[in-house]
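Quick look at entry_12.csv (CSV, C-alpha atoms):
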```
chain,number,residue,atom,x,y,z
A,20,MET,CA,107.5,108.4,100.2
A,21,LYS,CA,103.8,109.0,101.0
A,22,ASP,CA,102.9,107.8,97.5
A,23,ILE,CA,104.8,104.5,98.1
A,24,LEU,CA,103.0,104.0,101.5
A,25,LYS,CA,99.7,104.7,99.9
A,26,LYS,CA,100.4,102.2,97.2
A,27,GLU,CA,101.5,99.6,99.8
A,28,ARG,CA,98.4,100.2,101.8
A,29,MET,CA,96.1,99.9,98.8
A,30,LEU,CA,97.9,96.6,97.9
A,31,GLU,CA,97.3,95.2,101.4
A,32,ILE,CA,93.6,96.3,101.2
A,33,CYS,CA,93.2,94.6,97.9
A,34,LYS,CA,94.9,91.4,99.3
A,35,GLY,CA,92.4,91.5,102.2
A,36,LEU,CA,89.4,91.9,99.8
A,37,VAL,CA,90.8,89.1,97.6
A,38,THR,CA,91.1,86.9,100.7
A,39,PHE,CA,87.5,87.4,101.6
A,40,LEU,CA,86.3,86.7,98.1
A,41,ILE,CA,88.4,83.5,98.0
A,42,PHE,CA,86.9,82.4,101.3
A,43,TYR,CA,83.3,83.4,100.4
A,44,PHE,CA,83.4,81.5,97.1
A,45,SER,CA,85.5,78.6,98.4
A,46,SER,CA,82.4,76.3,98.2
A,47,TYR,CA,83.0,76.2,94.5
A,48,LEU,CA,86.3,74.4,95.2
A,49,GLN,CA,84.2,71.4,96.3
A,50,ILE,CA,83.8,70.4,92.7
A,51,ILE,CA,87.5,69.3,92.7
A,52,PRO,CA,87.2,66.5,95.3
A,53,VAL,CA,83.7,65.6,94.0
A,54,ILE,CA,85.3,64.8,90.6
A,55,ILE,CA,88.4,63.2,92.1
A,56,PHE,CA,86.5,60.9,94.6
A,57,ASN,CA,83.5,60.4,92.3
A,58,ILE,CA,81.1,61.7,95.0
A,59,ASN,CA,77.4,62.0,94.2
A,60,ILE,CA,76.6,65.7,94.9
A,61,ASN,CA,72.9,64.9,95.2
A,62,ASN,CA,73.4,62.4,98.0
A,63,TYR,CA,76.3,63.4,100.2
A,64,THR,CA,77.1,61.2,103.2
A,65,GLU,CA,78.5,62.9,106.2
A,66,GLN,CA,81.8,61.1,105.7
A,67,GLU,CA,82.0,62.4,102.1
A,68,LEU,CA,81.1,65.9,103.3
A,69,ALA,CA,83.9,65.8,105.9
A,70,ILE,CA,86.4,64.8,103.2
A,71,VAL,CA,85.2,67.6,100.9
A,72,ASN,CA,85.5,70.2,103.6
A,73,THR,CA,89.0,69.0,104.5
A,74,PHE,CA,90.1,69.1,100.8
A,75,VAL,CA,88.7,72.7,100.5
A,76,ASP,CA,90.5,73.8,103.6
A,77,ILE,CA,93.8,72.5,102.4
A,78,ILE,CA,93.4,74.3,99.1
A,79,LEU,CA,92.5,77.5,100.9
A,80,ILE,CA,95.6,77.2,103.1
A,81,ILE,CA,97.8,76.8,100.1
A,82,ILE,CA,96.3,79.8,98.4
A,83,LEU,CA,96.5,82.0,101.5
A,84,ILE,CA,100.1,81.0,102.3
A,85,ILE,CA,101.1,82.0,98.7
A,86,LEU,CA,99.2,85.3,99.1
A,87,TYR,CA,100.8,86.1,102.5
A,88,PHE,CA,104.1,84.2,102.2
A,89,ASN,CA,106.4,87.2,102.9
A,90,ASP,CA,104.3,88.4,105.8
A,91,LEU,CA,104.2,84.9,107.3
A,92,LYS,CA,107.9,84.7,107.2
A,93,LYS,CA,108.4,88.0,109.0
A,94,GLU,CA,105.7,87.3,111.5
A,95,PHE,CA,107.2,83.9,112.4
A,96,LYS,CA,110.4,85.7,113.3
A,97,ILE,CA,108.5,88.1,115.5
A,98,PHE,CA,106.7,85.3,117.1
A,99,LYS,CA,109.9,83.3,117.7
A,100,LYS,CA,111.6,86.3,119.2
A,101,SER,CA,109.1,86.7,122.1
A,102,ILE,CA,107.2,83.4,122.3
A,103,LYS,CA,106.3,83.7,126.0
A,104,THR,CA,105.1,87.3,125.8
A,105,ASN,CA,103.1,86.6,122.6
A,106,MET,CA,101.5,83.5,124.1
A,107,ASP,CA,100.7,85.2,127.4
A,108,ILE,CA,98.8,87.9,125.4
A,109,ALA,CA,97.1,85.3,123.3
A,110,PHE,CA,96.0,83.2,126.3
A,111,LYS,CA,94.8,86.3,128.2
A,112,TYR,CA,92.6,87.4,125.3
A,113,TRP,CA,91.4,83.9,124.5
A,114,PHE,CA,90.3,83.4,128.1
A,115,ILE,CA,88.4,86.7,128.1
A,116,GLY,CA,86.7,85.8,124.8
A,117,LEU,CA,85.9,82.3,126.1
A,118,MET,CA,84.2,83.8,129.2
A,119,ILE,CA,82.1,86.2,127.1
A,120,MET,CA,81.3,83.3,124.7
A,121,CYS,CA,80.1,81.0,127.5
A,122,ILE,CA,78.0,83.7,129.3
A,123,SER,CA,76.4,84.9,126.1
A,124,ASN,CA,75.6,81.3,125.0
A,125,ILE,CA,73.8,80.8,128.3
A,126,ILE,CA,71.9,84.0,128.0
A,127,ILE,CA,70.9,83.3,124.4
A,128,GLY,CA,69.7,79.8,125.4
A,129,MET,CA,67.6,81.2,128.3
A,130,ILE,CA,65.8,83.9,126.2
A,131,THR,CA,65.4,81.9,123.0
A,132,ASN,CA,65.2,78.3,124.1
A,133,LEU,CA,67.8,77.5,121.4
A,134,ASN,CA,70.2,74.8,122.5
A,135,THR,CA,72.9,75.8,120.0
A,136,SER,CA,73.4,77.3,116.6
A,137,SER,CA,72.8,75.4,113.3
A,138,ASN,CA,76.5,75.7,112.6
A,139,GLU,CA,77.4,74.0,115.9
A,140,GLN,CA,74.8,71.3,115.2
A,141,ALA,CA,76.4,70.6,111.8
A,142,VAL,CA,79.9,70.4,113.4
A,143,GLN,CA,78.6,68.0,116.1
A,144,SER,CA,77.0,65.8,113.4
A,145,LEU,CA,80.3,65.6,111.5
A,146,VAL,CA,82.3,64.9,114.7
A,147,SER,CA,80.0,62.0,115.5
A,148,SER,CA,80.5,60.4,112.0
A,149,THR,CA,84.2,61.3,111.4
A,150,PRO,CA,85.7,62.2,114.7
A,151,TYR,CA,89.4,62.0,113.9
A,152,LEU,CA,89.1,63.7,110.5
A,153,MET,CA,87.2,66.5,112.2
A,154,LEU,CA,89.9,66.7,114.8
A,155,PHE,CA,92.3,67.5,112.0
A,156,THR,CA,90.0,69.7,109.9
A,157,ALA,CA,88.3,71.7,112.6
A,158,GLY,CA,91.2,71.5,115.1
A,159,ILE,CA,94.1,72.5,112.8
A,160,LEU,CA,93.0,73.5,109.3
A,161,ALA,CA,90.0,75.7,110.1
A,162,PRO,CA,91.9,77.9,112.6
A,163,ILE,CA,94.7,78.5,110.0
A,164,VAL,CA,92.1,79.4,107.3
A,165,GLU,CA,90.0,81.6,109.6
A,166,GLU,CA,92.9,83.5,111.2
A,167,LEU,CA,94.4,84.3,107.9
A,168,THR,CA,91.1,85.3,106.5
A,169,PHE,CA,89.4,87.2,109.3
A,170,ARG,CA,92.4,88.5,111.3
A,171,LYS,CA,95.1,88.9,108.6
A,172,GLY,CA,92.7,89.8,105.9
A,173,THR,CA,91.1,92.7,107.7
A,174,ALA,CA,94.2,94.0,109.5
A,175,LYS,CA,95.2,96.6,106.8
A,176,ILE,CA,91.6,97.5,105.9
A,177,PHE,CA,90.9,99.1,109.3
A,178,LYS,CA,93.5,101.4,110.8
A,179,ASN,CA,91.9,101.9,114.2
A,180,LYS,CA,92.6,99.0,116.7
A,181,TRP,CA,89.0,98.9,118.1
A,182,VAL,CA,87.3,99.3,114.7
A,183,TYR,CA,89.5,96.5,113.3
A,184,ALA,CA,88.8,94.1,116.2
A,185,THR,CA,85.1,94.9,116.1
A,186,ALA,CA,84.8,94.5,112.3
A,187,SER,CA,86.9,91.3,112.4
A,188,GLY,CA,84.7,89.8,115.2
A,189,LEU,CA,81.4,90.8,113.6
A,190,ILE,CA,82.3,89.4,110.2
A,191,PHE,CA,83.6,86.2,111.8
A,192,GLY,CA,80.5,85.8,113.9
A,193,PHE,CA,78.1,86.6,111.0
A,194,LEU,CA,79.7,84.1,108.7
A,195,HIS,CA,79.1,81.4,111.3
A,196,VAL,CA,75.3,82.0,111.3
A,197,VAL,CA,74.6,83.4,107.8
A,198,GLY,CA,72.0,81.3,105.9
A,199,SER,CA,70.0,80.3,109.0
A,200,ASN,CA,66.2,80.4,108.6
A,201,ASN,CA,65.7,81.3,112.3
A,202,ILE,CA,66.4,85.0,112.9
A,203,LEU,CA,67.0,84.3,116.6
A,204,GLU,CA,70.1,82.3,115.6
A,205,TYR,CA,71.8,85.6,114.5
A,206,LEU,CA,72.2,86.3,118.2
A,207,TYR,CA,75.0,83.8,118.0
A,208,ILE,CA,77.0,86.5,116.3
A,209,ILE,CA,77.8,87.6,119.9
A,210,PRO,CA,79.5,84.4,121.2
A,211,TYR,CA,81.3,83.7,117.9
A,212,GLY,CA,82.2,87.3,117.4
A,213,SER,CA,83.6,87.7,120.9
A,214,LEU,CA,86.3,85.2,120.2
A,215,GLY,CA,87.0,86.8,116.8
A,216,PHE,CA,87.2,90.2,118.5
A,217,PHE,CA,89.8,89.0,121.0
A,218,PHE,CA,91.8,87.0,118.4
A,219,ALA,CA,92.0,90.3,116.5
A,220,LEU,CA,93.3,92.1,119.5
A,221,THR,CA,95.9,89.3,119.9
A,222,TYR,CA,97.1,89.8,116.3
A,223,TYR,CA,97.1,93.6,116.7
A,224,GLU,CA,99.2,93.6,119.8
A,225,THR,CA,101.6,90.7,119.0
A,226,LYS,CA,102.1,91.8,115.3
A,227,SER,CA,102.1,88.1,114.5
A,228,ILE,CA,99.3,85.8,113.3
A,229,TYR,CA,100.8,82.7,114.9
A,230,PRO,CA,99.6,83.3,118.5
A,231,SER,CA,96.0,83.7,117.5
A,232,ILE,CA,96.3,80.6,115.2
A,233,ILE,CA,97.7,78.5,118.1
A,234,MET,CA,95.0,79.6,120.6
A,235,HIS,CA,92.3,79.1,118.0
A,236,ALA,CA,93.6,75.6,117.3
A,237,ILE,CA,93.8,74.8,121.0
A,238,HIS,CA,90.2,76.1,121.5
A,239,ASN,CA,88.8,74.1,118.6
A,240,THR,CA,90.8,70.9,119.3
A,241,ALA,CA,89.6,71.0,123.0
A,242,LEU,CA,86.0,71.3,121.9
A,243,ILE,CA,86.3,68.5,119.3
A,244,LEU,CA,87.9,66.2,121.9
A,245,LEU,CA,85.2,67.0,124.4
A,246,SER,CA,82.6,66.1,121.7
A,247,ILE,CA,84.4,62.8,120.9
A,248,LEU,CA,84.5,61.9,124.6
A,249,ALA,CA,80.8,62.8,125.0
A,250,TYR,CA,80.0,60.3,122.2
```
Write out the structure in this file as structure tokens.
Amino acid sequence: MKDILKKERMLEICKGLVTFLIFYFSSYLQIIPVIIFNININNYTEQELAIVNTFVDIILIIILIILYFNDLKKEFKIFKKSIKTNMDIAFKYWFIGLMIMCISNIIIGMITNLNTSSNEQAVQSLVSSTPYLMLFTAGILAPIVEELTFRKGTAKIFKNKWVYATASGLIFGFLHVVGSNNILEYLYIIPYGSLGFFFALTYYETKSIYPSIIMHAIHNTALILLSILAY
């Protein structure tokens, strides 16, 4: 029995690592829409970049659904059985994460004079050029990809609740700022990571990935809509 459990755990850990590798190297999937839509890779327009990102997210979702198909079926039943309780937990943790995110953003802005992260600037730029496509991509597709990758993918790697949530949040935050030339931007790991941390707690307590996907989608969609209205 113990041997079977060990093998199952090793399989889940391997799936988690594969999930991260797929996500990390997903940029190579861009070659597919580049060829299909005959896009000049040396001179991307923002509209073309948005199309490419959308295409890559769709491919990632298909791969991740295949990888976690049986789990997703089981977790949907769990979610359906106690929708109100699950969403109450999800809303509570999202609100706490949002407060920490807002406060830390203000503090970072005060001590660094940075208005926002490069990642956020890139998103805002895409929203201004392709608002409705970004509403679909960032509001719906990205939360599915990110929750399956950073919450589902790390769940079996770390046994301890707090180690899991912390690791999930830090990895999530880090990948939102990695590549920045300004070392001060790495402080944005805190606001990004805070949401990741509490989405991980949501998944841990509800035993279903759907509540965190829903709250993540609501969060992103609200931000995109605010950006569209601002423009």
Practice item. Record the distance separating atom CA of Ser137 of chain A and atom CA of Trp113 of chain A, expressed in Å with one decimal. Key: 23.3 Å
Check your understanding: Distance atom CA of Ile232 of chain A-atom CA of Val71 of chain A, one decimal place?
Key -> 22.3 Å
Report as an mmCIF file with C-alpha atoms, keeping the file's coordinate frame all protein, DNA and RNA residues lying within 12 Å of Cys121 of chain A, evaluated on all atoms listed in the file, omitting residues in the same chain fewer than 6 positions from it.
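Here's the written file selection_35.cif:
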```cif
data_model
loop_
_atom_site.group_PDB
_atom_site.id
_atom_site.type_symbol
_atom_site.label_atom_id
_atom_site.label_comp_id
_atom_site.auth_asym_id
_atom_site.auth_seq_id
_atom_site.Cartn_x
_atom_site.Cartn_y
_atom_site.Cartn_z
ATOM 1 C CA PHE A 114 90.300 83.400 128.100
ATOM 2 C CA ILE A 115 88.400 86.700 128.100
ATOM 3 C CA ILE A 127 70.900 83.300 124.400
ATOM 4 C CA GLY A 128 69.700 79.800 125.400
ATOM 5 C CA THR A 135 72.900 75.800 120.000
ATOM 6 C CA TYR A 207 75.000 83.800 118.000
ATOM 7 C CA ILE A 209 77.800 87.600 119.900
ATOM 8 C CA PRO A 210 79.500 84.400 121.200
ATOM 9 C CA TYR A 211 81.300 83.700 117.900
ATOM 10 C CA SER A 213 83.600 87.700 120.900
ATOM 11 C CA LEU A 214 86.300 85.200 120.200
#
```
Practice item. Would you mind reading off the distance between atom CA of Gly188 of chain A and atom CA of Ser246 of chain A, one decimal, in Å? Key: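 Calculated distance between atom CA of Gly188 of chain A and atom CA of Ser246 of chain A is 24.7 Å.
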Check your understanding: So which residues touch Val146 of chain A within 10 Å, counting all atoms listed in the file, skipping near sequence neighbours fewer than 3 positions away, as number ranges by chain?
Key -> A: 65-66, 69, 140-143, 149-154, 157, 243-244, 246-247, 250
Just give me the residues with any atom within 10 Å of (70.0, 78.7, 122.8), file coordinates, counting all atoms listed in the file, written as a CSV table (one decimal) with C-alpha atoms, in the frame of the given file.
```csv
chain,number,residue,atom,x,y,z
A,123,SER,CA,76.4,84.9,126.1
A,124,ASN,CA,75.6,81.3,125.0
A,125,ILE,CA,73.8,80.8,128.3
A,126,ILE,CA,71.9,84.0,128.0
A,127,ILE,CA,70.9,83.3,124.4
A,128,GLY,CA,69.7,79.8,125.4
A,129,MET,CA,67.6,81.2,128.3
A,130,ILE,CA,65.8,83.9,126.2
A,131,THR,CA,65.4,81.9,123.0
A,132,ASN,CA,65.2,78.3,124.1
A,133,LEU,CA,67.8,77.5,121.4
A,134,ASN,CA,70.2,74.8,122.5
A,135,THR,CA,72.9,75.8,120.0
A,136,SER,CA,73.4,77.3,116.6
A,203,LEU,CA,67.0,84.3,116.6
A,204,GLU,CA,70.1,82.3,115.6
A,206,LEU,CA,72.2,86.3,118.2
A,207,TYR,CA,75.0,83.8,118.0
```
Exercise for review: Rank nothing, just name the residue among A:Phe56, A:Phe155, A:Tyr205, A:Phe217 nearest to Thr185 of chain A, using only C-alpha atoms.
Suggested key: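 Among A:Phe56, A:Phe155, A:Tyr205, A:Phe217, it is A:Phe217 that comes nearest to Thr185 of chain A.
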Check your understanding: Which residue, A:Leu220, A:Met120, A:Ile233, A:Leu91, has the smallest gap to Gly192 of chain A when you use all atoms listed in the file?
Key ->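 Of A:Leu220, A:Met120, A:Ile233, A:Leu91, the one nearest Gly192 of chain A is A:Met120, counting all atoms listed in the file.
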Review point. So, counting only C-alpha atoms, which residue among A:Ile208, A:Ile108, A:Ile119, A:Leu242 is closest to Thr221 of chain A?
Key: A:Ile108
Closest atom pairs, segment 115-184 of chain A residues within 7 Å of segment 73-84 of chain A, only C-alpha atoms, as JSON lines:
```
{"residue": "A:Thr156", "atom": "CA", "partner": "A:Thr73", "partner_atom": "CA", "distance": 5.5}
{"residue": "A:Leu160", "atom": "CA", "partner": "A:Asp76", "partner_atom": "CA", "distance": 6.2}
{"residue": "A:Ala161", "atom": "CA", "partner": "A:Asp76", "partner_atom": "CA", "distance": 6.8}
{"residue": "A:Val164", "atom": "CA", "partner": "A:Ile80", "partner_atom": "CA", "distance": 5.9}
```
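Closest approach to Glu165 of chain A among A:Ile122, A:His235, A:Phe98, A:Ala109: A:His235, based on all atoms listed in the file.
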Practice item. Return the single residue from A:Asn201, A:Thr173, A:Asn105, A:Ser147 that is closest to Leu189 of chain A, with distances computed using all atoms listed in the file. Key: A:Thr173
Written coordinates, N, CA, C and O atoms of segment 216-247 of chain A as a PDB file, in the first residue's frame:
```pdb
ATOM      1  N   PHE A 216      -0.328  33.388  -3.085  1.00  0.00           N
ATOM      2  CA  PHE A 216      -0.337  32.729  -1.782  1.00  0.00           C
ATOM      3  C   PHE A 216      -1.765  32.406  -1.342  1.00  0.00           C
ATOM      4  O   PHE A 216      -2.066  31.276  -0.929  1.00  0.00           O
ATOM      5  N   PHE A 217      -2.668  33.378  -1.468  1.00  0.00           N
ATOM      6  CA  PHE A 217      -4.040  33.167  -0.995  1.00  0.00           C
ATOM      7  C   PHE A 217      -4.879  32.343  -1.976  1.00  0.00           C
ATOM      8  O   PHE A 217      -5.807  31.658  -1.549  1.00  0.00           O
ATOM      9  N   PHE A 218      -4.543  32.375  -3.254  1.00  0.00           N
ATOM     10  CA  PHE A 218      -5.201  31.457  -4.187  1.00  0.00           C
ATOM     11  C   PHE A 218      -4.792  30.016  -3.862  1.00  0.00           C
ATOM     12  O   PHE A 218      -5.594  29.087  -3.998  1.00  0.00           O
ATOM     13  N   ALA A 219      -3.537  29.836  -3.437  1.00  0.00           N
ATOM     14  CA  ALA A 219      -3.068  28.501  -3.052  1.00  0.00           C
ATOM     15  C   ALA A 219      -3.802  28.010  -1.808  1.00  0.00           C
ATOM     16  O   ALA A 219      -4.190  26.840  -1.729  1.00  0.00           O
ATOM     17  N   LEU A 220      -4.007  28.901  -0.835  1.00  0.00           N
ATOM     18  CA  LEU A 220      -4.771  28.517   0.358  1.00  0.00           C
ATOM     19  C   LEU A 220      -6.202  28.146  -0.011  1.00  0.00           C
ATOM     20  O   LEU A 220      -6.788  27.227   0.569  1.00  0.00           O
ATOM     21  N   THR A 221      -6.749  28.865  -0.978  1.00  0.00           N
ATOM     22  CA  THR A 221      -8.098  28.548  -1.465  1.00  0.00           C
ATOM     23  C   THR A 221      -8.150  27.122  -2.006  1.00  0.00           C
ATOM     24  O   THR A 221      -9.049  26.346  -1.673  1.00  0.00           O
ATOM     25  N   TYR A 222      -7.182  26.787  -2.838  1.00  0.00           N
ATOM     26  CA  TYR A 222      -7.157  25.445  -3.416  1.00  0.00           C
ATOM     27  C   TYR A 222      -6.948  24.383  -2.343  1.00  0.00           C
ATOM     28  O   TYR A 222      -7.599  23.337  -2.340  1.00  0.00           O
ATOM     29  N   TYR A 223      -6.060  24.667  -1.409  1.00  0.00           N
ATOM     30  CA  TYR A 223      -5.755  23.711  -0.346  1.00  0.00           C
ATOM     31  C   TYR A 223      -6.990  23.418   0.497  1.00  0.00           C
ATOM     32  O   TYR A 223      -7.248  22.262   0.853  1.00  0.00           O
ATOM     33  N   GLU A 224      -7.755  24.442   0.815  1.00  0.00           N
ATOM     34  CA  GLU A 224      -8.896  24.261   1.726  1.00  0.00           C
ATOM     35  C   GLU A 224     -10.151  23.749   1.031  1.00  0.00           C
ATOM     36  O   GLU A 224     -10.959  23.049   1.629  1.00  0.00           O
ATOM     37  N   THR A 225     -10.340  24.112  -0.238  1.00  0.00           N
ATOM     38  CA  THR A 225     -11.549  23.674  -0.943  1.00  0.00           C
ATOM     39  C   THR A 225     -11.360  22.324  -1.638  1.00  0.00           C
ATOM     40  O   THR A 225     -12.335  21.660  -1.984  1.00  0.00           O
ATOM     41  N   LYS A 226     -10.084  21.940  -1.854  1.00  0.00           N
ATOM     42  CA  LYS A 226      -9.773  20.699  -2.567  1.00  0.00           C
ATOM     43  C   LYS A 226     -10.277  20.709  -4.006  1.00  0.00           C
ATOM     44  O   LYS A 226     -10.480  19.672  -4.627  1.00  0.00           O
ATOM     45  N   SER A 227     -10.511  21.912  -4.526  1.00  0.00           N
ATOM     46  CA  SER A 227     -10.970  22.067  -5.905  1.00  0.00           C
ATOM     47  C   SER A 227     -10.320  23.304  -6.512  1.00  0.00           C
ATOM     48  O   SER A 227     -10.245  24.355  -5.864  1.00  0.00           O
ATOM     49  N   ILE A 228      -9.840  23.185  -7.742  1.00  0.00           N
ATOM     50  CA  ILE A 228      -9.149  24.295  -8.401  1.00  0.00           C
ATOM     51  C   ILE A 228     -10.129  25.352  -8.922  1.00  0.00           C
ATOM     52  O   ILE A 228      -9.754  26.494  -9.177  1.00  0.00           O
ATOM     53  N   TYR A 229     -11.407  25.004  -9.031  1.00  0.00           N
ATOM     54  CA  TYR A 229     -12.384  25.909  -9.653  1.00  0.00           C
ATOM     55  C   TYR A 229     -12.630  27.206  -8.878  1.00  0.00           C
ATOM     56  O   TYR A 229     -12.754  28.276  -9.498  1.00  0.00           O
ATOM     57  N   PRO A 230     -12.706  27.198  -7.543  1.00  0.00           N
ATOM     58  CA  PRO A 230     -12.906  28.464  -6.832  1.00  0.00           C
ATOM     59  C   PRO A 230     -11.791  29.478  -7.076  1.00  0.00           C
ATOM     60  O   PRO A 230     -12.062  30.671  -7.275  1.00  0.00           O
ATOM     61  N   SER A 231     -10.534  29.012  -7.078  1.00  0.00           N
ATOM     62  CA  SER A 231      -9.431  29.951  -7.310  1.00  0.00           C
ATOM     63  C   SER A 231      -9.404  30.428  -8.761  1.00  0.00           C
ATOM     64  O   SER A 231      -9.076  31.587  -9.027  1.00  0.00           O
ATOM     65  N   ILE A 232      -9.779  29.563  -9.698  1.00  0.00           N
ATOM     66  CA  ILE A 232      -9.866  29.984 -11.102  1.00  0.00           C
ATOM     67  C   ILE A 232     -10.920  31.075 -11.249  1.00  0.00           C
ATOM     68  O   ILE A 232     -10.696  32.099 -11.911  1.00  0.00           O
ATOM     69  N   ILE A 233     -12.072  30.862 -10.628  1.00  0.00           N
ATOM     70  CA  ILE A 233     -13.174  31.833 -10.735  1.00  0.00           C
ATOM     71  C   ILE A 233     -12.785  33.181 -10.140  1.00  0.00           C
ATOM     72  O   ILE A 233     -12.983  34.239 -10.756  1.00  0.00           O
ATOM     73  N   MET A 234     -12.187  33.179  -8.925  1.00  0.00           N
ATOM     74  CA  MET A 234     -11.810  34.445  -8.295  1.00  0.00           C
ATOM     75  C   MET A 234     -10.682  35.129  -9.056  1.00  0.00           C
ATOM     76  O   MET A 234     -10.654  36.347  -9.178  1.00  0.00           O
ATOM     77  N   HIS A 235      -9.768  34.349  -9.587  1.00  0.00           N
ATOM     78  CA  HIS A 235      -8.674  34.902 -10.391  1.00  0.00           C
ATOM     79  C   HIS A 235      -9.237  35.545 -11.655  1.00  0.00           C
ATOM     80  O   HIS A 235      -8.812  36.642 -12.055  1.00  0.00           O
ATOM     81  N   ALA A 236     -10.204  34.877 -12.276  1.00  0.00           N
ATOM     82  CA  ALA A 236     -10.824  35.409 -13.492  1.00  0.00           C
ATOM     83  C   ALA A 236     -11.602  36.691 -13.194  1.00  0.00           C
ATOM     84  O   ALA A 236     -11.541  37.657 -13.964  1.00  0.00           O
ATOM     85  N   ILE A 237     -12.329  36.701 -12.085  1.00  0.00           N
ATOM     86  CA  ILE A 237     -13.071  37.909 -11.693  1.00  0.00           C
ATOM     87  C   ILE A 237     -12.098  39.060 -11.438  1.00  0.00           C
ATOM     88  O   ILE A 237     -12.326  40.198 -11.876  1.00  0.00           O
ATOM     89  N   HIS A 238     -11.018  38.777 -10.734  1.00  0.00           N
ATOM     90  CA  HIS A 238      -9.995  39.786 -10.428  1.00  0.00           C
ATOM     91  C   HIS A 238      -9.418  40.388 -11.713  1.00  0.00           C
ATOM     92  O   HIS A 238      -9.391  41.610 -11.892  1.00  0.00           O
ATOM     93  N   ASN A 239      -8.946  39.513 -12.612  1.00  0.00           N
ATOM     94  CA  ASN A 239      -8.339  39.991 -13.857  1.00  0.00           C
ATOM     95  C   ASN A 239      -9.338  40.731 -14.733  1.00  0.00           C
ATOM     96  O   ASN A 239      -9.024  41.776 -15.318  1.00  0.00           O
ATOM     97  N   THR A 240     -10.554  40.185 -14.838  1.00  0.00           N
ATOM     98  CA  THR A 240     -11.579  40.812 -15.680  1.00  0.00           C
ATOM     99  C   THR A 240     -11.923  42.208 -15.171  1.00  0.00           C
ATOM    100  O   THR A 240     -12.060  43.155 -15.958  1.00  0.00           O
ATOM    101  N   ALA A 241     -12.037  42.354 -13.854  1.00  0.00           N
ATOM    102  CA  ALA A 241     -12.343  43.658 -13.261  1.00  0.00           C
ATOM    103  C   ALA A 241     -11.240  44.666 -13.577  1.00  0.00           C
ATOM    104  O   ALA A 241     -11.521  45.824 -13.934  1.00  0.00           O
ATOM    105  N   LEU A 242      -9.981  44.230 -13.475  1.00  0.00           N
ATOM    106  CA  LEU A 242      -8.855  45.123 -13.755  1.00  0.00           C
ATOM    107  C   LEU A 242      -8.822  45.534 -15.233  1.00  0.00           C
ATOM    108  O   LEU A 242      -8.566  46.696 -15.558  1.00  0.00           O
ATOM    109  N   ILE A 243      -9.080  44.575 -16.118  1.00  0.00           N
ATOM    110  CA  ILE A 243      -9.092  44.879 -17.547  1.00  0.00           C
ATOM    111  C   ILE A 243     -10.225  45.848 -17.880  1.00  0.00           C
ATOM    112  O   ILE A 243     -10.050  46.807 -18.646  1.00  0.00           O
ATOM    113  N   LEU A 244     -11.404  45.622 -17.307  1.00  0.00           N
ATOM    114  CA  LEU A 244     -12.540  46.512 -17.543  1.00  0.00           C
ATOM    115  C   LEU A 244     -12.251  47.928 -17.050  1.00  0.00           C
ATOM    116  O   LEU A 244     -12.587  48.909 -17.724  1.00  0.00           O
ATOM    117  N   LEU A 245     -11.613  48.023 -15.896  1.00  0.00           N
ATOM    118  CA  LEU A 245     -11.233  49.342 -15.372  1.00  0.00           C
ATOM    119  C   LEU A 245     -10.240  50.029 -16.309  1.00  0.00           C
ATOM    120  O   LEU A 245     -10.327  51.246 -16.534  1.00  0.00           O
ATOM    121  N   SER A 246      -9.318  49.255 -16.851  1.00  0.00           N
ATOM    122  CA  SER A 246      -8.339  49.805 -17.795  1.00  0.00           C
ATOM    123  C   SER A 246      -9.015  50.277 -19.079  1.00  0.00           C
ATOM    124  O   SER A 246      -8.682  51.344 -19.612  1.00  0.00           O
ATOM    125  N   ILE A 247      -9.979  49.487 -19.569  1.00  0.00           N
ATOM    126  CA  ILE A 247     -10.713  49.865 -20.792  1.00  0.00           C
ATOM    127  C   ILE A 247     -11.485  51.153 -20.553  1.00  0.00           C
ATOM    128  O   ILE A 247     -11.478  52.067 -21.391  1.00  0.00           O
TER     129      ILE A 247
END
```
